[in-house]
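Asker: For reference, the structure I am asking about is given below.
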Amino acid sequence: MPDALPQLNPSPRLLLGPGPSQIAPRVLQACATPLLGYLDPEYIQMMDDVQVLLREVFETENEWTFCVPGTGMAGMEAALINVLEPGDPVLICVAGVFGDRMANVAERCGAEVTRVDVPWGTAVPAEKVHEALQSVQPKLVGIVHAETSTGVLQPLSEIGALAHEAGALFLVDCVTSLGGVPVGVDAHGIDIAYSGTQKCLGAPPSLAPITFSPSAVEAFQARKTPVQSFYLDIGQIWRYWGSERAYHQTGMINMTYALREALVMIHEEGLEARFARHRRNQQALLSGAQAMGLEPAVEDPAARLPSLTTLRIPEGINEAAVRGSLLNDYGIEIGGGLGQLAGKVWRVGLMGYASQRSSVMLLLAALGDLLKNERVDEGLAAAAALYD
Ligand SMILES: Cc1ncc(COP(=O)(O)O)c(C=O)c1O
């Protein structure tokens, strides 16, 4: 190691990958404001503000709406380990990497997991869930709303209704949808939903917003065995976020500042305007990309996720080299494929603050240059037409 390390100086990037996403300057500034103690009345007030603002974005009245310390995976673990006990039957829908992880975590809880698998790049049809429910009576039906590995948006209403008819809790992963796509926790009868701060919410990674319906809280309270993790025990976490204010872990102070600021920005923009912005920018990206001969990997237009677009890698292109040049020559990050889609797709996130016309136009122009695409002008014109 050299005697003196240079001062930290990360290169400026435009984050258009699957997350973390670009952060608004005022959110970064909020992070850098002075530290408070985890029980300071001013900090407690901020926690209360975050709960109110999270209920707005989750679209729920659930009292148990708060943050679990950790990234989206902490949300997934907390959602499952708090209601599942060994031997519990569960039904998990798998349409990509994150549905597969959900099944994996449920198995680690000792649950008896029945999977509904569908081809990657498609949504899970309600009929397949209906069919599976003929032979299993699950305690919980779990599904990913926005499958970040494929770019598919999963419809929720029918599957939520089926879960409830079967007497099961309905659990939804909203990591890549919350704050960019309507989640509608109460409208869809979702009992447990979790997310991550670093995608459409527009804050740095490290907190997992989570919400539990009264039925989910009841299921948690009816457990016969203690939750295997103290850190992610939502009863313990609620003692800190609820009226008791008991110590559970040191609060994620500056990250909570950032999340509060990001949620205030969402409140100021309004949910409908924010959802429309995410849709419009994705449509512009797709129009531009298609005009340049780049095709979306998700065939069904209705299934395309506004916050994350998968584009097929054109024949003969070294996809990793293009991503490398985008990063090194343009400062733009996009993602490669995950799991079955590794080497087959690029993943472009237009999430939160980065869901902007300038992101779309810069990325199309840079891709046009790096791919020596002769139709780049047509692509830019097609994208621009969406904004006129
Ligand atoms: C749908 C989905 N669920 C869960 C996760 C895990 O979140 P994290 O990487 O923040 O732990 C991700 C991360 O990309 C995700 O996209």
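Residues in the structure tokens are numbered from 1 in each chain, the chains being A, B, ... in the order shown, and ligands are numbered from 1 in the order shown.
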Please identify every polymer residue within 10 Å of ligand 1, using only C-alpha atoms and all ligand atoms, and present the set as a JSON list (two decimals) with C-alpha atoms, in the first residue's frame.

Answerer:
[["chain", "number", "residue", "atom", "x", "y", "z"],
["A", 17, "GLY", "CA", -27.91, -0.11, -15.21],
["A", 18, "PRO", "CA", -30.14, -2.34, -13.10],
["A", 19, "GLY", "CA", -29.23, -0.38, -9.96],
["A", 20, "PRO", "CA", -27.98, 1.50, -8.11],
["A", 70, "GLY", "CA", -29.80, -3.68, 4.53],
["A", 71, "THR", "CA", -30.33, -3.80, 0.78],
["A", 72, "GLY", "CA", -33.21, -5.37, -1.12],
["A", 73, "MET", "CA", -32.05, -8.86, -0.17],
["A", 74, "ALA", "CA", -32.52, -7.96, 3.50],
["A", 75, "GLY", "CA", -36.09, -7.04, 2.58],
["A", 76, "MET", "CA", -36.57, -10.41, 0.84],
["A", 77, "GLU", "CA", -35.13, -12.33, 3.79],
["A", 96, "GLY", "CA", -36.15, -15.01, -13.47],
["A", 97, "VAL", "CA", -33.20, -14.71, -11.10],
["A", 98, "PHE", "CA", -35.08, -12.95, -8.31],
["A", 99, "GLY", "CA", -38.05, -15.33, -8.23],
["A", 101, "ARG", "CA", -33.80, -16.41, -5.11],
["A", 102, "MET", "CA", -37.15, -16.06, -3.37],
["A", 143, "ILE", "CA", -43.96, -13.33, -6.69],
["A", 144, "VAL", "CA", -41.63, -10.66, -8.11],
["A", 145, "HIS", "CA", -43.44, -7.58, -9.44],
["A", 146, "ALA", "CA", -40.56, -6.24, -11.53],
["A", 147, "GLU", "CA", -38.16, -9.03, -12.57],
["A", 148, "THR", "CA", -34.90, -7.12, -12.98],
["A", 149, "SER", "CA", -33.17, -10.03, -14.70],
["A", 150, "THR", "CA", -35.67, -10.12, -17.60],
["A", 151, "GLY", "CA", -37.34, -6.69, -17.73],
["A", 172, "VAL", "CA", -44.58, -9.27, -3.58],
["A", 173, "ASP", "CA", -41.00, -8.19, -4.34],
["A", 174, "CYS", "CA", -41.20, -4.52, -5.40],
["A", 175, "VAL", "CA", -37.47, -3.82, -5.48],
["A", 176, "THR", "CA", -37.43, -2.51, -9.07],
["A", 177, "SER", "CA", -40.99, -1.17, -9.19],
["A", 194, "TYR", "CA", -40.50, -5.02, 0.25],
["A", 195, "SER", "CA", -38.20, -2.88, -1.85],
["A", 196, "GLY", "CA", -34.75, -1.32, -1.96],
["A", 197, "THR", "CA", -33.81, 2.33, -1.81],
["A", 198, "GLN", "CA", -31.35, 2.32, -4.72],
["A", 199, "LYS", "CA", -33.66, 1.83, -7.69],
["A", 204, "PRO", "CA", -28.30, 5.12, -2.06],
["A", 205, "PRO", "CA", -28.41, 1.39, -1.29],
["A", 206, "SER", "CA", -28.69, 0.12, 2.31],
["A", 207, "LEU", "CA", -32.32, 0.29, 3.41],
["A", 208, "ALA", "CA", -35.17, -2.04, 2.51],
["A", 308, "LEU", "CA", -35.77, -1.70, -16.75]]

Asker: Between A:Ile44, A:Leu386, A:Leu5, A:Val217, which residue has the minimum interatomic distance to Glu244 (chain A), considering only C-alpha atoms?

Answerer: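 Among the listed residues, A:Ile44 lies closest to Glu244 (chain A).
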
Asker: Report as a Markdown table: every residue of region 66-89 of chain A with an atom at most 7 Å from region 112-115 of chain A, its closest pair of atoms, and their distance in Å to one decimal, counting only C-alpha atoms, with rows sorted by chain and ascending residue number.

Answerer:
| residue | atom | partner | partner_atom | distance |
| --- | --- | --- | --- | --- |
| A:Gly87 | CA | A:Glu112 | CA | 5.6 |
| A:Asp88 | CA | A:Glu112 | CA | 5.8 |
| A:Pro89 | CA | A:Glu112 | CA | 4.6 |

Asker: What does the file look like for those residues with C-alpha atoms, as a PDB file, in the first residue's frame?

Answerer:
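As a result, out-v1.pdb now contains:
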ATOM      1  CA  GLY A  87     -42.693 -27.356   7.159  1.00  0.00           C
ATOM      2  CA  ASP A  88     -44.923 -24.491   5.976  1.00  0.00           C
ATOM      3  CA  PRO A  89     -46.107 -25.033   2.403  1.00  0.00           C
TER       4      PRO A  89
END

Asker: Compile the contact shell of Asp48 (chain A) as a list of chain:residue names: residues with an atom at most 12 Å away, counting only C-alpha atoms, same-chain residues fewer than 3 positions apart removed.

Answerer: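 Using only C-alpha atoms, the neighbours found are A:Pro41, A:Glu42, A:Tyr43, A:Ile44, A:Gln45, A:Gln51, A:Val52, A:Leu53, A:Leu54, A:Arg55, A:Glu63, A:Trp64, A:Thr65, A:Phe66, A:Cys67, A:Tyr240, A:Trp241, A:Gly242, A:Ser243, A:Arg245, A:Thr256, A:Tyr257, A:Arg260.
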
Asker: With C-alpha atoms kept, could you save the residues just selected as an mmCIF file, in the first residue's frame?

Answerer:
data_model
loop_
_atom_site.group_PDB
_atom_site.id
_atom_site.type_symbol
_atom_site.label_atom_id
_atom_site.label_comp_id
_atom_site.auth_asym_id
_atom_site.auth_seq_id
_atom_site.Cartn_x
_atom_site.Cartn_y
_atom_site.Cartn_z
ATOM 1 C CA PRO A 41 -36.006 13.517 18.838
ATOM 2 C CA GLU A 42 -35.151 15.155 15.514
ATOM 3 C CA TYR A 43 -34.141 11.792 14.074
ATOM 4 C CA ILE A 44 -37.256 10.119 15.485
ATOM 5 C CA GLN A 45 -39.308 12.756 13.682
ATOM 6 C CA GLN A 51 -43.138 6.004 7.460
ATOM 7 C CA VAL A 52 -45.815 8.463 6.291
ATOM 8 C CA LEU A 53 -44.079 8.955 2.926
ATOM 9 C CA LEU A 54 -43.509 5.217 2.461
ATOM 10 C CA ARG A 55 -47.222 4.512 3.019
ATOM 11 C CA GLU A 63 -49.314 0.590 10.178
ATOM 12 C CA TRP A 64 -46.314 -1.744 9.930
ATOM 13 C CA THR A 65 -44.559 0.181 7.168
ATOM 14 C CA PHE A 66 -40.909 0.932 7.855
ATOM 15 C CA CYS A 67 -37.359 0.059 6.803
ATOM 16 C CA TYR A 240 -37.699 0.732 17.230
ATOM 17 C CA TRP A 241 -39.868 2.161 14.430
ATOM 18 C CA GLY A 242 -43.140 1.987 16.426
ATOM 19 C CA SER A 243 -44.101 3.978 19.520
ATOM 20 C CA ARG A 245 -38.530 3.412 20.338
ATOM 21 C CA THR A 256 -32.547 7.652 6.383
ATOM 22 C CA TYR A 257 -31.911 11.339 5.646
ATOM 23 C CA ARG A 260 -36.540 10.957 3.411
#

Asker: Using only C-alpha atoms, which of A:Leu305, A:Leu341, A:Val264, A:Ala78 sits nearest Pro155 (chain A)?

Answerer: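 That would be A:Leu305, the residue with the smallest distance to Pro155 (chain A).
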
Asker: In region 82-260 of chain A, what's alpha helix (DSSP H) per DSSP? Answer as a VMD selection string?

Answerer: chain A and resid 97 to 108 126 to 132 157 to 165 214 to 221 234 to 241 253 to 260

Asker: Write a file of the selected residues as an mmCIF file, in the first residue's frame, keeping C-alpha atoms.

Answerer:
data_model
loop_
_atom_site.group_PDB
_atom_site.id
_atom_site.type_symbol
_atom_site.label_atom_id
_atom_site.label_comp_id
_atom_site.auth_asym_id
_atom_site.auth_seq_id
_atom_site.Cartn_x
_atom_site.Cartn_y
_atom_site.Cartn_z
ATOM 1 C CA VAL A 97 -33.202 -14.707 -11.099
ATOM 2 C CA PHE A 98 -35.075 -12.948 -8.308
ATOM 3 C CA GLY A 99 -38.048 -15.329 -8.230
ATOM 4 C CA ASP A 100 -35.493 -18.139 -8.059
ATOM 5 C CA ARG A 101 -33.804 -16.411 -5.112
ATOM 6 C CA MET A 102 -37.149 -16.057 -3.369
ATOM 7 C CA ALA A 103 -37.657 -19.820 -3.664
ATOM 8 C CA ASN A 104 -34.123 -20.351 -2.380
ATOM 9 C CA VAL A 105 -34.706 -18.164 0.703
ATOM 10 C CA ALA A 106 -38.037 -19.900 1.416
ATOM 11 C CA GLU A 107 -36.257 -23.277 1.242
ATOM 12 C CA ARG A 108 -33.667 -22.028 3.737
ATOM 13 C CA ALA A 126 -52.772 -16.392 -13.341
ATOM 14 C CA GLU A 127 -53.994 -19.744 -14.796
ATOM 15 C CA LYS A 128 -50.684 -21.398 -13.902
ATOM 16 C CA VAL A 129 -51.053 -20.238 -10.307
ATOM 17 C CA HIS A 130 -54.684 -21.419 -10.270
ATOM 18 C CA GLU A 131 -53.571 -24.813 -11.540
ATOM 19 C CA ALA A 132 -50.831 -25.124 -8.901
ATOM 20 C CA SER A 157 -54.456 -8.452 -9.249
ATOM 21 C CA GLU A 158 -55.610 -11.906 -10.338
ATOM 22 C CA ILE A 159 -52.791 -13.750 -8.604
ATOM 23 C CA GLY A 160 -53.407 -11.765 -5.407
ATOM 24 C CA ALA A 161 -57.107 -12.708 -5.517
ATOM 25 C CA LEU A 162 -56.228 -16.382 -6.084
ATOM 26 C CA ALA A 163 -53.819 -16.346 -3.142
ATOM 27 C CA HIS A 164 -56.489 -14.925 -0.856
ATOM 28 C CA GLU A 165 -59.149 -17.386 -2.084
ATOM 29 C CA PRO A 214 -52.753 -6.689 9.488
ATOM 30 C CA SER A 215 -53.109 -10.352 8.315
ATOM 31 C CA ALA A 216 -49.353 -10.628 7.821
ATOM 32 C CA VAL A 217 -48.726 -9.141 11.269
ATOM 33 C CA GLU A 218 -51.198 -11.702 12.682
ATOM 34 C CA ALA A 219 -49.348 -14.537 10.929
ATOM 35 C CA PHE A 220 -46.064 -13.230 12.353
ATOM 36 C CA GLN A 221 -47.520 -12.986 15.869
ATOM 37 C CA ILE A 234 -39.601 -7.505 12.306
ATOM 38 C CA GLY A 235 -41.103 -7.602 15.803
ATOM 39 C CA GLN A 236 -37.783 -6.323 17.144
ATOM 40 C CA ILE A 237 -37.406 -3.797 14.328
ATOM 41 C CA TRP A 238 -40.954 -2.547 14.911
ATOM 42 C CA ARG A 239 -40.113 -1.899 18.564
ATOM 43 C CA TYR A 240 -37.699 0.732 17.230
ATOM 44 C CA TRP A 241 -39.868 2.161 14.430
ATOM 45 C CA ILE A 253 -28.965 7.715 10.140
ATOM 46 C CA ASN A 254 -27.602 9.379 7.011
ATOM 47 C CA MET A 255 -29.231 6.828 4.746
ATOM 48 C CA THR A 256 -32.547 7.652 6.383
ATOM 49 C CA TYR A 257 -31.911 11.339 5.646
ATOM 50 C CA ALA A 258 -31.319 10.417 2.014
ATOM 51 C CA LEU A 259 -34.411 8.246 1.797
ATOM 52 C CA ARG A 260 -36.540 10.957 3.411
#

Asker: Using only C-alpha atoms for the distances, tell me which of A:Gly142, A:Gly270, A:Pro10, A:Gly293 is nearest to Glu56 (chain A).

Answerer: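 Checking each of A:Gly142, A:Gly270, A:Pro10, A:Gly293 against Glu56 (chain A), counting only C-alpha atoms, the winner is A:Gly270.
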
Asker: Contacts of Arg347 (chain A) at 6 Å or less, counting only C-alpha atoms, minus same-chain residues fewer than 6 places along, as a PDB file with C-alpha atoms, in the first residue's frame?

Answerer:
ATOM      1  CA  THR A 309     -35.439  -2.525 -20.422  1.00  0.00           C
ATOM      2  CA  THR A 310     -33.696  -5.608 -21.771  1.00  0.00           C
ATOM      3  CA  GLY A 335     -25.912  -3.879 -17.093  1.00  0.00           C
ATOM      4  CA  GLY A 336     -25.212  -7.201 -18.762  1.00  0.00           C
TER       5      GLY A 336
END

Asker: Write out as number ranges by chain which residues come within 9 Å of Ala284 (chain A) when counting only C-alpha atoms, dropping same-chain ones fewer than 6 positions away.

Answerer: A: 357, 360-361, 382-387

Asker: Based on the selection just made, write N, CA and C atoms of those residues as a tab-separated table (two decimals), in the first residue's frame.

Answerer:
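And here's again14.tsv as it stands now:
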chain	number	residue	atom	x	y	z
A	357	ARG	N	-35.17	12.47	-20.32
A	357	ARG	CA	-34.89	12.56	-21.77
A	357	ARG	C	-33.38	12.55	-22.03
A	360	VAL	N	-31.86	9.09	-22.06
A	360	VAL	CA	-32.24	8.32	-23.25
A	360	VAL	C	-31.40	8.75	-24.45
A	361	MET	N	-31.33	10.06	-24.66
A	361	MET	CA	-30.64	10.57	-25.86
A	361	MET	C	-29.13	10.30	-25.79
A	382	ALA	N	-36.46	9.22	-33.64
A	382	ALA	CA	-37.62	8.43	-33.17
A	382	ALA	C	-37.81	8.64	-31.67
A	383	ALA	N	-36.71	8.69	-30.93
A	383	ALA	CA	-36.83	8.91	-29.49
A	383	ALA	C	-37.34	10.32	-29.21
A	384	ALA	N	-36.78	11.30	-29.92
A	384	ALA	CA	-37.19	12.70	-29.69
A	384	ALA	C	-38.67	12.90	-29.99
A	385	ALA	N	-39.18	12.15	-30.98
A	385	ALA	CA	-40.59	12.30	-31.36
A	385	ALA	C	-41.52	11.99	-30.18
A	386	LEU	N	-41.09	11.15	-29.28
A	386	LEU	CA	-41.92	10.79	-28.12
A	386	LEU	C	-42.09	11.96	-27.16
A	387	TYR	N	-41.19	12.93	-27.27
A	387	TYR	CA	-41.26	14.05	-26.34
A	387	TYR	C	-41.98	15.27	-26.93

Asker: Do a neighbour search on Leu311 (chain A) at 9 Å with only C-alpha atoms, toss out local chain neighbours closer than 2 positions, and write the hits as a PyMOL selection string.

Answerer: chain A and resi 286+289+294-298+309+313-314+344-348

Asker: Counting only C-alpha atoms, which of A:Gly337, A:Gly379, A:Gly37, A:Pro301 gets nearest to Thr122 (chain A)?

Answerer: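 Closest candidate: A:Pro301.
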
Asker: Write out as a VMD selection string all residues of region 201-289 of chain A that backbone DSSP assigns to strand (DSSP E or B).

Answerer: chain A and resid 207 to 212

Asker: Rounded to one decimal, what separation in Å do you get between CA of Asp300 (chain A) and CA of Ala187 (chain A)?

Answerer: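 According to the coordinates, CA of Asp300 (chain A) and CA of Ala187 (chain A) are separated by 24.6 Å.
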